[in-house]
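Colleague: Shown below is the structure under consideration.
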Amino acid sequence: MTDTAQERPDPENLADTGLSETGVERVSYLRAGHTLKSWLLTTDHKRIAILYMIAITFFFFVGGVAAALVRLDLLTPAGDLMSNEGYNRAFTLHGVVMVWFFLIPSIPNTFGNFLLPLMIGARDLAFPRLNLLSWYIFMVAGVFTLLVLILGGVDTGWTFYTPMSSMFAHGQVVLAATAVFVAGFSSILTGLNFIVTVHRLRCPGMTWGRLPLFVWSIYATSLILVLATPVLSVTLALIAAERLFGLGVFDPALGGDPLLYQHLFWFYSHPAVYIMVLPALGVVSELVAAAARKPIFGYSFVAGSSMAIAVLGFFVWGHHMFVSGQSMYASAVFSFLSIAVAIPSGIKVYNWTATLYKGHISLDPPFLFAMAFIGLFVVGGLTGLILAMLAVDVHVHDTYFVVAHFHYIMVGGAVSAYFGALHFWWPKMFGRNYSLVWGRISALFIFLGFNLTFFPQFLLGYLGMPRRYHVYPPEFQVLHVLSSAGATILGLAYAMPFVYLLHALRYGSPAGPNPWGATGLEWQTGSPPPKHNFETPPVVTRPAYDYHIEMERDDDG
Amino acid sequence: MSDFVTLWPGQASAYSGEVDLLIGAFTVLILLLSAPVFILIVVFATKYRRGKPANRRHAPNRNVWLEVSWTLVPFLLLIGFYIWSTDLFVRLYHPPAGALEIDVVAKQWMWKFKHPEGQGEIDELHVPSGEPVRLVMASQDVVHSLFVPALRLKQDVVPGRYTSMWFTAGKPGTYRLACAEFCGTDHSVMGGSIVVMAPADYARWLEEAGTEGTLAAEGAALFRSRGCSGCHGPSATVHAPDLAGLYMRPVPLSDGTTVIADAQYLRDSILLPQAQIAAGYPAIMPTFANVLDEEEVLKLVAYIKSLKGGEEGQ
């Protein structure tokens with residue numbers, strides 16, 4: 001992309017600072033109806049993607065405020081900002097909102113919705129009305145969850161462990177479980193829609209072997225959504241039954257088994273980690289190929305590794321339970337499988353690195369986010385291997401080491417990829433370029449702020465700082481202060497893109513159909529795309545990432 | 001530096017040192033595995049960045065052997081560490097015979113410890129150094145987790161079952177213990193300390209702490225006062241199993257299976273008597289779930305364990 005915010009829709013008219021529409025914009029999906037109703041009752045996948053984007057941005061903000069409260073409270077060893085109960089409610093709010101209402105829907109429901117039909121040359125998803133329904137279900141569940149968590153208060157953590165949640169917690173556990181239960185239907189419907197779309201709506205020539213890697217990863221994610229979410233729904237229903245009717249399922253006083261809950265919960269929640277990460281892996285494959293102007297090294301290994309992660313991810317849930325009292329033999333097997341699931345992730349990282357070799361690499365914001373992602377994901381993944389080692393996990397389980405590890409994966413990984421996707425496809429979605437300088441600055445500060453926030457937490461964890469602790473021994477204070485300082489930088493860095501991206505909507509220069517010079521069908525239609533995506537139905541004749549070798553003028557060899 | 005910020009936890013046992021060695025070696029491995037990625041990304045992004053002349057011809061798009069090797073080599077290295085760490089872990093499940101057994105009951109939000117001679121303490125645990133100690137743990141309410149960072153050990157304490165943890169503490173000192181599993185409002189203050197003492201000091205402490213009788217003796221009193229002896233006693237007219245010598249003996253059940261009468265079985269038989277019916281006996285025992293708490297059950301179990309085979313119960 002050329003960094004010329006001076007380019008105007010009409011270059012002759014110097015008074016025009018970007019307010020006027022371009023010809024492409026006049027026929028785009030953004031202008032295909034201006035009423036609120038045309039948005040709220042739309043079945044256009046692109047508009048629904050925007051609806052999701054607005055919603056999850058809101059939830060990201062709410063979850064972020066809760067995180068800020070937690071970090072602020074942890075500045076001092078004594079619990080002086082909030083009461084013990086208030087602190088427990090704050091981290092429960094943070095976890096529930098971030099996991100179910102930001103991370104899980106983030107990339108699939110915004111970029112998956114927006115890009116999947118464009119990338120495979122379709123006019124829309126297979127079931128456009130179902131798509132709108134899943135947004136409404138998501139909103140109902142989300143708003144209901146917020147009301148319950150903020151007005152009622154729930155103090156179980158996002159994991160809802162029994163018998164704590166079913167028999168002992170004071171808060172509105174049943175209502176919160178109901179809200180998450182309802183949100184699950186949104187996940188299932190979206191996953192189903194994506195699977196059918198990939199199977200049925202690929203344009204002529206778009207064979208499975210030519211699918212963009214983002215589509216592969218969304219497809220793998222959808223399989224998990226459809227297969228794992230019902231288990232969570234059943235589990236939450238059982239908690240409600242135990243709490244309301246005294247049905248003894250998880251509470252030993254009623255003849256139930258608390259470990260059964262943990263097995264069911266992690267059978268969903270571990271694959272849910274891959275729901276959050278697989279789409280991010282797909283995004284990064286796109287960003288790396290576009291930045292290097294080269295085909296992804298080992299396309300079939302990278303595509304296959306997405307499927308391998310989706311399958312293996314179902315067989316590692318027991319690594320959350322090494323000290324729970326489960327059998328020693330079960331732990332040994334789960335430890336082994338957890339090591340195995342790291343292999344396909346490692347393949348991706350090595351293949352991305354190899355993709356850069358002899359590339360023609362741009363250092364624009366999307367690639368900087370992709371680099372940040374790779375770095376943080378590698379740290380998160382390798383510390384995950386440390387946790388898979390049984391003897392080490394016995395020590396660091398349920399400490400800040402785990403907190404740091406999964407934030408490296410979910411925030412350092414998934415959120416960095418989300419911001420990378422935002423910077424890569426923003427010109428496509430809205431037709432305008434944003435400031436590349438500010439994009440680079442925010443990528444840098446997100447990376448630095450993130451590391452300052454979470455790296456000290458690895459040390460805290462090994463020192464023995466348990467998670468969900470409001471009051472802690474004074475010798476941990478220095479590391480906690482560092483972490484809170486990093487969180488401040490991170491919070492500000494996350495806010496920056498909102499300013500320059502929104503500014504670009506109005507004042508950015510028109511992007512043109514393909515500002516990054518990338519391959520892929522989404523770049524062959526206007527920016528923003530017309531309502532029905534393509535003026536003429538596309539036909540694919542070449543593999544994905546079919547870049548020509550680019551040279552500088554004085555390249556040797 | 002060390003006054004300002006601590007960066008490594010203290011070690012209270014030889015096992016701690018072994019865990020530290022494992023994580024140290026493993027950290028070296030993951031640095032080796034990840035260094036090429038970090039270094040090459042920076043090198044490539046510099047060397048091949050847009051606007052910089054470089055040789056970009058004949059870039060490979062795939063190389064199956066290379067890909068297979070960077071799949072298999074890390075995997076094989078990891079298997080080595082898997083064996084190492086699993087071997088350490090398995091040891092945690094094999095306490096030496098004759099370990100000093102201390103009962104632990106966790107409840108919102110305190111730790112109660114009971115020594116075999118009957119000495120009890122709350123949120124503070126005294127143990128002798130150089131001697132294996134085994135903690136048998138029960139929870140009165142929700143899931144808790146006993147965590148002693150200096151021992152590199154942690155074990156969840158789960159309602160409805162006994163879990164255990166053993167260690168041989170090294171040098172005397174006072175170490176932090178904490179609850180690691182979120183257990184409600186005051187989770188973060190459910191902690192205390194573990195005091196490792198030279199065996200002679202421990203013996204002196206036991207004497208000073210005083211006691212009203214051993215755990216088994218307290219159990220014997222409960223056995224009478226709660227009416228257990230009415231059916232399981234020698235003069236009982238009810239057809240109930242004799243408990244003498246029962247501990248760790250195989251028990252045939254009415255459904256045809258056989259279980260070992262360990263502490264968990266004894267506990268379940270008191271609290272959930274209908275779950276496992278001993279073969280040949282009528283299922284007439286009432287549950288004591290609402291009568292006895294976990295501490296009392298532990299005393300009864302201690303008493304039943306003390307009944308030697310052949311001798312008469314009580």
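Residues in the structure tokens are named by chain (A, B, ... in the order shown) and by number from 1 within that chain; ligands are numbered from 1 in the order shown.
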Residues at most 9 Å from A:Gly359, counting only C-alpha atoms, excluding those fewer than 3 positions away in the same chain, as a ChimeraX atom specification?
Modeller: /A:289,291-294,355-356,549-550 /B:44-45,48-50,56,59
Colleague: Would you mind listing, as an MDAnalysis selection string, all residues of chain B that have at least one atom within 7 Å of chain A, where only C-alpha atoms are what counts?
Modeller: chainID B and resid 5:9 19 23 30 37 40:41 44:45 48:57 59 61:62 71 75 82 85:86 88:89 142 149 152:156 159:160 163 180:186 188:189
Colleague: Excluding stretch 53-63 of chain A and its own-chain neighbours fewer than 4 positions away, which residues fall within 6 Å of it when counting only C-alpha atoms? Please give them as a PyMOL selection string.
Modeller: chain A and resi 94+97-98+102+110
Colleague: Extract, using only C-alpha atoms, all DNA, RNA and protein residues at most 10 Å from B:Ser16, discarding same-chain residues fewer than 2 positions from it, and format them as a ChimeraX atom specification.
Modeller: /A:395 /B:9-14,18-22,149-153,167,169-170
Colleague: Per DSSP on the backbone, what are the strand (DSSP E or B) residues of stretch 66-128 of chain B, as a list in words?
Modeller: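 Of stretch 66-128 of chain B, the ones in strand (DSSP E or B) are Leu100, Glu101, Ile102, Asp103, Val104, Val105, Ala106, Lys107, Met110, Trp111, Lys112, Phe113, Lys114, Gly120, Glu121, Ile122, Glu124, Leu125, His126, Val127 and Pro128 of chain B.
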Colleague: For the selection just defined, write its residues with N, CA and C atoms to a file, as a short mmCIF file (atom, residue, chain, number, x, y, z; two decimals), in the first residue's frame.
Modeller:
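Below you can see again_4.cif, which holds the result:
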```cif
data_model
loop_
_atom_site.label_atom_id
_atom_site.label_comp_id
_atom_site.auth_asym_id
_atom_site.auth_seq_id
_atom_site.Cartn_x
_atom_site.Cartn_y
_atom_site.Cartn_z
N LEU B 100 5.10 -41.02 57.90
CA LEU B 100 4.28 -40.42 58.95
C LEU B 100 2.99 -39.88 58.31
N GLU B 101 1.85 -40.34 58.79
CA GLU B 101 0.59 -39.97 58.16
C GLU B 101 -0.10 -38.85 58.93
N ILE B 102 -0.41 -37.77 58.24
CA ILE B 102 -1.09 -36.65 58.88
C ILE B 102 -2.38 -36.39 58.12
N ASP B 103 -3.48 -36.27 58.85
CA ASP B 103 -4.77 -36.03 58.20
C ASP B 103 -4.98 -34.53 57.99
N VAL B 104 -5.56 -34.22 56.84
CA VAL B 104 -5.82 -32.82 56.51
C VAL B 104 -7.29 -32.69 56.15
N VAL B 105 -7.96 -31.73 56.76
CA VAL B 105 -9.33 -31.43 56.33
C VAL B 105 -9.35 -29.97 55.90
N ALA B 106 -9.79 -29.73 54.66
CA ALA B 106 -9.89 -28.38 54.14
C ALA B 106 -11.34 -27.96 54.19
N LYS B 107 -11.58 -26.73 54.59
CA LYS B 107 -12.93 -26.19 54.53
C LYS B 107 -12.85 -24.70 54.31
N MET B 110 -10.10 -22.57 55.78
CA MET B 110 -9.01 -22.93 56.69
C MET B 110 -8.50 -24.33 56.40
N TRP B 111 -7.27 -24.57 56.89
CA TRP B 111 -6.67 -25.90 56.81
C TRP B 111 -6.58 -26.46 58.21
N LYS B 112 -7.13 -27.68 58.40
CA LYS B 112 -7.02 -28.32 59.72
C LYS B 112 -6.14 -29.55 59.57
N PHE B 113 -5.15 -29.64 60.45
CA PHE B 113 -4.21 -30.77 60.40
C PHE B 113 -4.35 -31.57 61.68
N LYS B 114 -4.20 -32.89 61.54
CA LYS B 114 -4.32 -33.76 62.71
C LYS B 114 -3.19 -34.78 62.67
N GLY B 120 -3.81 -31.50 67.06
CA GLY B 120 -4.43 -30.82 65.92
C GLY B 120 -3.90 -29.40 65.81
N GLU B 121 -3.88 -28.87 64.59
CA GLU B 121 -3.50 -27.47 64.41
C GLU B 121 -4.24 -26.92 63.19
N ILE B 122 -4.31 -25.60 63.13
CA ILE B 122 -5.05 -24.94 62.05
C ILE B 122 -4.13 -23.98 61.31
N GLU B 124 -1.37 -24.18 60.19
CA GLU B 124 0.05 -24.32 60.41
C GLU B 124 0.32 -25.81 60.56
N LEU B 125 1.36 -26.28 59.88
CA LEU B 125 1.66 -27.71 59.91
C LEU B 125 3.10 -27.91 60.32
N HIS B 126 3.31 -28.64 61.42
CA HIS B 126 4.67 -28.97 61.85
C HIS B 126 5.02 -30.36 61.36
N VAL B 127 6.17 -30.50 60.71
CA VAL B 127 6.61 -31.81 60.25
C VAL B 127 8.08 -31.98 60.56
N PRO B 128 8.52 -33.24 60.75
CA PRO B 128 9.94 -33.48 60.99
C PRO B 128 10.69 -33.46 59.66
#
```
Colleague: Could you pull out the alpha helix (DSSP H) residues of stretch 121-214 of chain B, going by DSSP on the backbone, and write them as an MDAnalysis selection string?
Modeller: chainID B and resid 199:209
Colleague: Produce a file of the selected residues containing C-alpha atoms, as a PDB file, in the first residue's frame.
Modeller:
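See result-v2.pdb below for the written result:
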```
ATOM      1  CA  PRO B 199      13.056 -34.748  64.358  1.00  0.00           C
ATOM      2  CA  ALA B 200      13.973 -34.101  68.007  1.00  0.00           C
ATOM      3  CA  ASP B 201      12.339 -30.667  67.893  1.00  0.00           C
ATOM      4  CA  TYR B 202       9.282 -32.176  66.269  1.00  0.00           C
ATOM      5  CA  ALA B 203       9.009 -34.778  69.033  1.00  0.00           C
ATOM      6  CA  ARG B 204       9.268 -32.003  71.621  1.00  0.00           C
ATOM      7  CA  TRP B 205       6.647 -29.981  69.799  1.00  0.00           C
ATOM      8  CA  LEU B 206       4.280 -32.957  69.753  1.00  0.00           C
ATOM      9  CA  GLU B 207       4.637 -33.329  73.489  1.00  0.00           C
ATOM     10  CA  GLU B 208       4.045 -29.660  74.182  1.00  0.00           C
ATOM     11  CA  ALA B 209       1.073 -29.521  71.861  1.00  0.00           C
TER      12      ALA B 209
END
```
Colleague: Report, in Å with one decimal, the straight-line distance from atom CA of A:Ala78 to atom CA of A:Gly486.
Modeller: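 Pair atom CA of A:Ala78 / atom CA of A:Gly486 returns 20.4 Å.
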Colleague: Using only C-alpha atoms, find the one residue out of A:Ala310, A:Gly64, A:Gly512, A:Ala290 that sits nearest to A:Leu490.
Modeller: A:Gly64
Colleague: So that I can check the surroundings of A:Ser222, please list as a ChimeraX atom specification every protein, DNA and RNA residue that reaches within 6 Å of it, counting only C-alpha atoms and ignoring chain neighbours fewer than 3 positions away.
Modeller: /A:191,219,225
Colleague: At a cut-off of 12 Å, using only C-alpha atoms, what residues contact A:Phe111? Leave out same-chain residues fewer than 6 positions from it and give the result as an mmCIF file with N, CA and C atoms, in the first residue's frame.
Modeller:
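Heads up, here's the output in result09.cif:
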```cif
data_model
loop_
_atom_site.group_PDB
_atom_site.id
_atom_site.type_symbol
_atom_site.label_atom_id
_atom_site.label_comp_id
_atom_site.auth_asym_id
_atom_site.auth_seq_id
_atom_site.Cartn_x
_atom_site.Cartn_y
_atom_site.Cartn_z
ATOM 1 N N HIS A 45 -23.868 -11.085 4.607
ATOM 2 C CA HIS A 45 -22.819 -11.545 5.526
ATOM 3 C C HIS A 45 -21.857 -10.433 5.900
ATOM 4 N N LYS A 46 -21.657 -9.469 4.993
ATOM 5 C CA LYS A 46 -20.699 -8.397 5.265
ATOM 6 C C LYS A 46 -21.247 -7.449 6.320
ATOM 7 N N ARG A 47 -22.543 -7.163 6.214
ATOM 8 C CA ARG A 47 -23.153 -6.285 7.221
ATOM 9 C C ARG A 47 -23.234 -6.987 8.579
ATOM 10 N N ILE A 48 -23.549 -8.279 8.558
ATOM 11 C CA ILE A 48 -23.600 -9.017 9.828
ATOM 12 C C ILE A 48 -22.214 -9.038 10.466
ATOM 13 N N ALA A 49 -21.187 -9.137 9.628
ATOM 14 C CA ALA A 49 -19.820 -9.078 10.158
ATOM 15 C C ALA A 49 -19.583 -7.754 10.874
ATOM 16 N N ILE A 50 -20.089 -6.667 10.278
ATOM 17 C CA ILE A 50 -19.912 -5.345 10.911
ATOM 18 C C ILE A 50 -20.691 -5.296 12.233
ATOM 19 N N LEU A 51 -21.895 -5.873 12.228
ATOM 20 C CA LEU A 51 -22.678 -5.904 13.469
ATOM 21 C C LEU A 51 -21.891 -6.636 14.563
ATOM 22 N N TYR A 52 -21.321 -7.782 14.187
ATOM 23 C CA TYR A 52 -20.508 -8.525 15.162
ATOM 24 C C TYR A 52 -19.333 -7.686 15.626
ATOM 25 N N MET A 53 -18.722 -6.989 14.683
ATOM 26 C CA MET A 53 -17.530 -6.219 15.040
ATOM 27 C C MET A 53 -17.868 -5.151 16.081
ATOM 28 N N PRO A 105 -16.042 -15.404 19.553
ATOM 29 C CA PRO A 105 -16.608 -14.876 18.305
ATOM 30 C C PRO A 105 -15.667 -13.961 17.526
ATOM 31 N N PRO A 117 -17.292 -16.006 2.302
ATOM 32 C CA PRO A 117 -17.896 -16.024 0.960
ATOM 33 C C PRO A 117 -17.032 -15.324 -0.081
ATOM 34 N N LEU A 118 -16.388 -14.217 0.323
ATOM 35 C CA LEU A 118 -15.542 -13.510 -0.645
ATOM 36 C C LEU A 118 -14.371 -14.374 -1.076
ATOM 37 N N MET A 119 -13.781 -15.100 -0.119
ATOM 38 C CA MET A 119 -12.575 -15.875 -0.429
ATOM 39 C C MET A 119 -12.864 -17.082 -1.299
ATOM 40 N N PHE A 194 -20.849 -22.080 8.374
ATOM 41 C CA PHE A 194 -19.544 -22.028 7.709
ATOM 42 C C PHE A 194 -19.226 -23.374 7.040
ATOM 43 N N PHE A 214 -6.796 -19.310 5.415
ATOM 44 C CA PHE A 214 -7.759 -18.778 6.369
ATOM 45 C C PHE A 214 -9.049 -19.579 6.321
ATOM 46 N N VAL A 215 -9.457 -19.984 5.104
ATOM 47 C CA VAL A 215 -10.684 -20.780 4.975
ATOM 48 C C VAL A 215 -10.492 -22.151 5.632
ATOM 49 N N SER A 217 -8.619 -22.822 8.140
ATOM 50 C CA SER A 217 -8.630 -22.717 9.600
ATOM 51 C C SER A 217 -10.045 -22.422 10.105
ATOM 52 N N ILE A 218 -10.814 -21.631 9.346
ATOM 53 C CA ILE A 218 -12.195 -21.374 9.766
ATOM 54 C C ILE A 218 -13.014 -22.660 9.679
ATOM 55 N N PRO A 279 -8.415 -19.713 14.118
ATOM 56 C CA PRO A 279 -8.645 -18.621 13.160
ATOM 57 C C PRO A 279 -7.480 -17.647 13.130
ATOM 58 N N ALA A 280 -6.852 -17.445 14.299
ATOM 59 C CA ALA A 280 -5.698 -16.546 14.338
ATOM 60 C C ALA A 280 -4.562 -17.119 13.500
ATOM 61 N N GLY A 282 -4.886 -18.981 10.919
ATOM 62 C CA GLY A 282 -5.264 -18.772 9.523
ATOM 63 C C GLY A 282 -4.987 -17.350 9.078
ATOM 64 N N VAL A 283 -5.329 -16.384 9.919
ATOM 65 C CA VAL A 283 -5.082 -14.980 9.588
ATOM 66 C C VAL A 283 -3.595 -14.763 9.346
ATOM 67 N N ALA A 417 -3.560 -11.314 16.337
ATOM 68 C CA ALA A 417 -4.009 -11.701 14.998
ATOM 69 C C ALA A 417 -5.284 -10.955 14.626
ATOM 70 N N TYR A 418 -6.150 -10.752 15.607
ATOM 71 C CA TYR A 418 -7.374 -9.993 15.330
ATOM 72 C C TYR A 418 -7.018 -8.577 14.869
ATOM 73 N N PHE A 419 -6.076 -7.953 15.561
ATOM 74 C CA PHE A 419 -5.679 -6.602 15.153
ATOM 75 C C PHE A 419 -4.947 -6.632 13.810
ATOM 76 N N GLY A 420 -4.177 -7.687 13.572
ATOM 77 C CA GLY A 420 -3.535 -7.821 12.266
ATOM 78 C C GLY A 420 -4.573 -7.915 11.164
ATOM 79 N N ALA A 421 -5.603 -8.733 11.406
ATOM 80 C CA ALA A 421 -6.680 -8.872 10.421
ATOM 81 C C ALA A 421 -7.390 -7.541 10.208
ATOM 82 N N LEU A 422 -7.608 -6.846 11.308
ATOM 83 C CA LEU A 422 -8.269 -5.546 11.222
ATOM 84 C C LEU A 422 -7.466 -4.604 10.318
ATOM 85 N N HIS A 423 -6.142 -4.600 10.492
ATOM 86 C CA HIS A 423 -5.309 -3.690 9.701
ATOM 87 C C HIS A 423 -5.156 -4.162 8.253
ATOM 88 N N PHE A 424 -5.260 -5.477 8.046
ATOM 89 C CA PHE A 424 -5.095 -5.993 6.692
ATOM 90 C C PHE A 424 -6.370 -5.795 5.873
ATOM 91 N N TRP A 425 -7.514 -6.116 6.448
ATOM 92 C CA TRP A 425 -8.747 -6.089 5.669
ATOM 93 C C TRP A 425 -9.592 -4.824 5.862
ATOM 94 N N TRP A 426 -9.137 -3.926 6.748
ATOM 95 C CA TRP A 426 -9.895 -2.687 6.943
ATOM 96 C C TRP A 426 -10.113 -1.944 5.618
ATOM 97 N N LYS A 428 -10.311 -3.147 2.745
ATOM 98 C CA LYS A 428 -11.289 -3.922 1.957
ATOM 99 C C LYS A 428 -12.703 -3.717 2.497
ATOM 100 N N MET A 429 -12.825 -3.710 3.807
ATOM 101 C CA MET A 429 -14.164 -3.620 4.390
ATOM 102 C C MET A 429 -14.777 -2.238 4.193
ATOM 103 N N GLU A 522 -10.934 -12.114 -2.624
ATOM 104 C CA GLU A 522 -11.497 -10.917 -1.987
ATOM 105 C C GLU A 522 -10.856 -9.640 -2.501
#
```
Colleague: Can you measure atom CA of A:His34 to atom CA of A:Phe138 for me? One decimal in Å is fine.
Modeller: 23.7 Å
Colleague: Just the residues within 9 Å of A:Thr190, please, counting only C-alpha atoms, with nothing from its chain fewer than 5 positions along; format it as a PyMOL selection string.
Modeller: chain A and resi 108-109+113+130-131+134-135+185+195+222+225-226
Colleague: Put those residues in a file: C-alpha atoms, as a PDB file, in the first residue's frame.
Modeller:
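Heads up, here's the output in result.pdb:
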```
ATOM      1  CA  PRO A 108     -14.653 -16.275  13.121  1.00  0.00           C
ATOM      2  CA  ASN A 109     -17.738 -14.128  13.456  1.00  0.00           C
ATOM      3  CA  ASN A 113     -18.360 -13.878   8.199  1.00  0.00           C
ATOM      4  CA  LEU A 130     -29.607 -18.221  10.098  1.00  0.00           C
ATOM      5  CA  ASN A 131     -26.550 -16.004  10.170  1.00  0.00           C
ATOM      6  CA  SER A 134     -27.088 -16.236  15.359  1.00  0.00           C
ATOM      7  CA  TRP A 135     -26.149 -12.576  15.778  1.00  0.00           C
ATOM      8  CA  PHE A 185     -26.466 -21.777  20.092  1.00  0.00           C
ATOM      9  CA  ILE A 195     -19.180 -25.786   7.210  1.00  0.00           C
ATOM     10  CA  SER A 222     -16.316 -24.651  12.727  1.00  0.00           C
ATOM     11  CA  LEU A 225     -17.745 -25.264  17.369  1.00  0.00           C
ATOM     12  CA  VAL A 226     -20.323 -27.782  16.231  1.00  0.00           C
TER      13      VAL A 226
END
```
Colleague: Which one is closest to A:Gly439: A:Val174, A:Val140, A:Ala511, A:Ala504? Count only C-alpha atoms.
Modeller: A:Ala504
Colleague: Please determine, counting only C-alpha atoms, which residue among A:Phe127, A:Phe447, A:Tyr261, A:Phe315 has the shortest atom-to-atom distance to A:Gly491.
Modeller: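 Comparing A:Phe127, A:Phe447, A:Tyr261, A:Phe315 against A:Gly491, the winner is A:Phe447.
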Colleague: Would you compute the distance between atom CA of B:Gln108 and atom CA of B:Asp141? Give it in Å to one decimal.
Modeller: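 Interatomic distance here is 7.0 Å.
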